[in-house]
Structure formats: structure tokens, C-alpha cells
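Structure record follows, encoded as C-alpha cells.
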Amino acid sequence: MTLRLSIPWREARAPVLQRRHGGGGSKAVPVASAGRSRASGKTRRREEAGLKRANFGDGPGLPTLLLLPQLLILLFFFFIPSLRALMQSVLLSDPFGTNVQFVWFDNFKALLASSDYRQSIAVTFWFTLAQNVLTLGSALVLAFATDRIVRGRSAYRTIILLPYAIAPAIAGILWAFLFNPAVGPLAQVLHSFGVAWDPNLNPTDALILVTLAASWKHICYDYIFLVVGLLAVPVSLMEAAAVDGAGPIRRFVSIALPMLGPTIFFLTVMNFIYGFFETFAIIDAVTKGGPAGATNILVYKVFVDGFVNLDLGSSAAQSVLLMSFALICTLLQFRYFDRKVNYGV
């Protein structure tokens with residue numbers, strides 16, 4: 001026996017219910033086709049997953065128009081320069097470009113056989129690794145301290161984010177002044193403790209100085225992402241751990257830090273890219289690659305050989321190798337570290 005129930009004034013919008021009587025009682029179910037049920041189920045699952053469908057019309061005109069500014073920027077500032085550098089890397093020319101010879105891979109062979117270039121690779125590796133560890137570690141400590149501050153949290157965040165508004169060259173000049181062996185206040189403090197600090201003559205001191213300057217400039221970037229990541233940690237888990245007797249540091253290390261895995265992995269990749277490409281201004285303002293090439297990282301060597309020594313073929317080959325090194329490091333991080341990151345909550 002089947003009984004149909006309907007509401008007259010809502011019949012246009014409400015589904016018609018069908019009451020079925022059986023041995024276990026009665027149950028009201030909507031009357032709809034199987035196809036519409038499956039479609040509505042898919043729609044509900046899509047909405048539950050947080051996905052939204054955007055409709056830009058039938059033709060590709062509007063999406064293309066919206067993407068056109070970014071595509072033009074990529075074309076003129078990435079693809080064309082990259083293609084030009086790749087072409088220049090297999091050429092040998094004079095500084096004025098009047099005599100050009102095709103030399104195949106001789107520029108790359110000369111670079112890999114050069115002791116100065118191999119030293120630059122080693123300096124870049126250690127500088128980028130030290131900057132990454134120092135930046136990420138400091139940002140984690142500051143983000144942890146943000147959760148412990150009750151009063152003045154906005155002022156605390158503002159002070160930490162101030163270095164991000166400073167130009168890299170200005171940041172380099174500031175650190176060069178603070179640690180100047182003649183007039184720098186922090187250098188005088190080191191001298192008072194018996195430390196013979198002189199980045200103008202000591203290669204180790206110079207490398208430490210540029211690492212500190214680059215890390216200080218980039219801590220703000222990591223801090224922003226880590227603070228936002230901490231806000232996504234469920235409060236119920238932290239409160240349950242506190243009830244069980246876990247202290248603040250134990251809760252941060254055992255609960256918050258594993259949940260920050262995707263954020264930390266992303267920041268590690270971005271810090272490596274920053275160390276490879278975006279520290280040119282700091283090196284130029286603080287040490288200019290010296291002393292004795294101790295801070296002559298790859299991106300600065302590209303500039304010196306290309307725009308100072310006017311060796312265009314070697315400079316183009318170095319830029320191609322630098323891009324290759326950055327790509328290899330990124331792929332290795334995704335290959336060996338991404339699988340250890342837990343993306344579940």
C-alpha cells in the first residue's frame with residue numbers, strides 16, 4: 001500500500017514524499033529519479049568538500065582576458081629572458097656583441113672545470129642551508145611565543161613584521177653598519193668579549209654576517225605562514241593535552257608541530273628559492289662577494305661575470321645552471337620529504 005503526502009502551497013518547491021509501510025514500520029522517502037538522486041548526491045559531496053563551481057560563460061573569451069595580464073608578465077619577464085639566456089649560453093661573444101661564435105657546451109665545461117665556480121657552488125649551498133635553518137627555527141620560536149602572549153599581541157606581531165617592509169639593500173646596509181669592525185656597536189660588543197670580529201678580512205665572519213642579514217630579512221615571511229598554521233590547530237586537542245598534564249612546550253612539539261608539517265615543507269622550499277635568487281641585494285650591500293670570494297654566491301657571480309667582467313656567454317651559462325640547481329633541489333625535496341608530511345588533521 002502506497003500513500004502520497006503533499007503540501008499544496010509548497011508543491012512547486014518541496015519534494016513529494018512517499019510513505020511505504022512494511023513490517024518494520026513506516027519510512028518517508030523522496031520520490032525522484034535515480035539520475036537526479038545521484039546528481040544531488042554528487043553536488044552535496046562537492047559542497048561538503050568546500051569546492052565551488054565558477055561559471056565564466058560558454059566561450060573562452062572572459063577566462064582568457066582575466067589570465068592575459070599574468071600571461072604577458074610571464075612571457076616578457078620569464079619565458080623570453082629564459083630563452084635568450086639559453087641561446088646565449090652556447091655562444092661566445094665580445095663585450096659589444098660584434099663577434100659571436102657558436103661554441104656548443106664549452107661555456108658549461110669551462111665553468112665546471114673552474115675552481116672559483118666550484119667554490120661558489122659550495123658557498124651557495126652552505127649559505128642557503130644555514131639561512132634556511134636559522135630562518136625557520138627563529139620563525140617557529142616567534143610563532144610559539146605569539147600563542148603565549150595575552151596582552152599586546154597585535155603590537156608584538158607588528159614589530160616582528162616590520163623587517164618585511166624594508167628593502168633588501170637597506171637591510172644589508174643596516175647589518176653592515178651594526179657589525180662594522182670600526183664603528184659598529186655590535187662589533188664593539190664582540191670586541192669587548194675578546195672576539196676578533198672583522199668581516200672585511202675574515203671569510204667566516206663575512207659569511208656569518210650575510211647569513212644573519214638574509215635570515216633576519218626573511219623571518220617575517222615564515223612567521224606569517226606559521227602563525228596562520230597555528231590558528232588552524234584544533235583548540236580541543238590543545239585543551240585535552242593540557243588537561244592530561246602536558247606543558248606548553250610539550251603541546252607545541254607533540255601536537256602543533258606535526259600539524260604544521262605541510263606549512264614547514266612549503267616554507268623550506270621557499271627558503272631555498274630565496275637563498276638561491278633573492279639575496280643578491282644583501283650580498284651586494286654587505287660584502288660584494290668578498291673577502292676572497294667567501295660570499296660570492298651563484299646569483300652574485302652571474303652579475304659580476306655578466307655586467308662587470310662582460311663575459312656574457314659564461315654569465316648566461318651560469319644562469320642556466322643556477323636555475324637547474326634550484327629545480328633539482330626542489331624536486332629532491334618533493335621526492336624525499338613530501339611523503340613524510342602528514343596532510344591530515
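Chain labels run A, B, ... following the order of the C-alpha cells; each chain numbers its residues from 1, and ligands are numbered from 1 in the order shown.
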Using only C-alpha atoms, which protein or nucleic acid residues come within 9 Å of A:Leu207? Drop anything in the same chain fewer than 5 positions from it, and give the result as a VMD selection string.
chain A and resid 123 127 199 202 212 287 294 to 295
Expected answer as a PyMOL selection string: alpha helix (DSSP H) residues in stretch 64-119 of chain A:
chain A and resi 64-74+80-88+106-113+115-119
Residues within 10 Å of A:Leu327, only C-alpha atoms, excluding chain neighbours under 6 positions, as a VMD selection string:
chain A and resid 273 321 333
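With only C-alpha atoms taken into account, the protein and nucleic acid residues at most 8 Å from A:Lys301 (excluding it and anything under 6 positions from it in its own chain) are Ser120, Gly289 and Ser315 of chain A.
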Kindly export the residues of the current selection with N, CA and C atoms, as a tab-separated table (two decimals), in the first residue's frame.
```tsv
chain	number	residue	atom	x	y	z
A	120	SER	N	82.07	28.76	-5.49
A	120	SER	CA	80.81	29.49	-5.41
A	120	SER	C	79.63	28.54	-5.16
A	289	GLY	N	80.53	40.07	-2.35
A	289	GLY	CA	81.12	38.79	-2.71
A	289	GLY	C	82.40	38.45	-2.01
A	315	SER	N	78.20	34.12	-18.19
A	315	SER	CA	77.12	34.55	-17.31
A	315	SER	C	75.80	33.88	-17.66
```
Residue with smallest distance to A:Ser319 - pool A:Gln101, A:Ile283, A:Lys109, A:Tyr300, counting only C-alpha atoms:
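Ranked by minimum distance to A:Ser319, first place goes to A:Tyr300.
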If we count only C-alpha atoms and set the cut-off at 10 Å, which residues sit around A:Asp284, ignoring sequence neighbours fewer than 5 positions away in its own chain? Please answer as a ChimeraX atom specification.
/A:168-169,172-173,210,279,289-290,295-296,300
For the residues selected in the previous step, produce a file with N, CA and C atoms as a PDB file, in the first residue's frame.
```
ATOM      1  N   PRO A 168      65.700  44.906   0.673  1.00  0.00           N
ATOM      2  CA  PRO A 168      66.870  44.061   0.971  1.00  0.00           C
ATOM      3  C   PRO A 168      68.180  44.847   1.014  1.00  0.00           C
ATOM      4  N   ALA A 169      68.351  45.817   0.127  1.00  0.00           N
ATOM      5  CA  ALA A 169      69.592  46.605   0.136  1.00  0.00           C
ATOM      6  C   ALA A 169      69.716  47.414   1.423  1.00  0.00           C
ATOM      7  N   GLY A 172      70.677  45.121   4.193  1.00  0.00           N
ATOM      8  CA  GLY A 172      72.101  44.799   4.130  1.00  0.00           C
ATOM      9  C   GLY A 172      72.968  45.923   4.656  1.00  0.00           C
ATOM     10  N   ILE A 173      72.653  47.167   4.303  1.00  0.00           N
ATOM     11  CA  ILE A 173      73.417  48.314   4.797  1.00  0.00           C
ATOM     12  C   ILE A 173      73.295  48.432   6.314  1.00  0.00           C
ATOM     13  N   VAL A 210      76.388  37.830   6.381  1.00  0.00           N
ATOM     14  CA  VAL A 210      75.365  37.829   5.328  1.00  0.00           C
ATOM     15  C   VAL A 210      74.272  36.799   5.626  1.00  0.00           C
ATOM     16  N   THR A 279      68.775  36.938  -2.581  1.00  0.00           N
ATOM     17  CA  THR A 279      69.723  37.507  -1.626  1.00  0.00           C
ATOM     18  C   THR A 279      70.815  38.316  -2.315  1.00  0.00           C
ATOM     19  N   GLY A 289      80.529  40.072  -2.353  1.00  0.00           N
ATOM     20  CA  GLY A 289      81.115  38.787  -2.709  1.00  0.00           C
ATOM     21  C   GLY A 289      82.402  38.453  -2.006  1.00  0.00           C
ATOM     22  N   GLY A 290      82.991  39.375  -1.286  1.00  0.00           N
ATOM     23  CA  GLY A 290      84.263  39.142  -0.620  1.00  0.00           C
ATOM     24  C   GLY A 290      84.082  38.707   0.829  1.00  0.00           C
ATOM     25  N   THR A 295      81.789  35.054   0.058  1.00  0.00           N
ATOM     26  CA  THR A 295      80.329  35.238  -0.018  1.00  0.00           C
ATOM     27  C   THR A 295      79.871  35.415  -1.459  1.00  0.00           C
ATOM     28  N   ASN A 296      80.658  34.964  -2.400  1.00  0.00           N
ATOM     29  CA  ASN A 296      80.326  35.110  -3.815  1.00  0.00           C
ATOM     30  C   ASN A 296      79.392  33.972  -4.224  1.00  0.00           C
ATOM     31  N   TYR A 300      75.147  36.136  -7.349  1.00  0.00           N
ATOM     32  CA  TYR A 300      76.006  37.317  -7.414  1.00  0.00           C
ATOM     33  C   TYR A 300      77.118  37.120  -8.437  1.00  0.00           C
TER      34      TYR A 300
END
```
At what distance in Å, to one decimal, does atom CA of A:Ala326 lie from atom CA of A:Phe125?
10.6 Å
Residues near A:His218, cut-off 12 Å, only C-alpha atoms, skip fewer than 4 positions along chain, as an NGL selection string:
:A and (131-139 or 160-168 or 171 or 211-214 or 222-225 or 267-268 or 270-275 or 278-279 or 282)
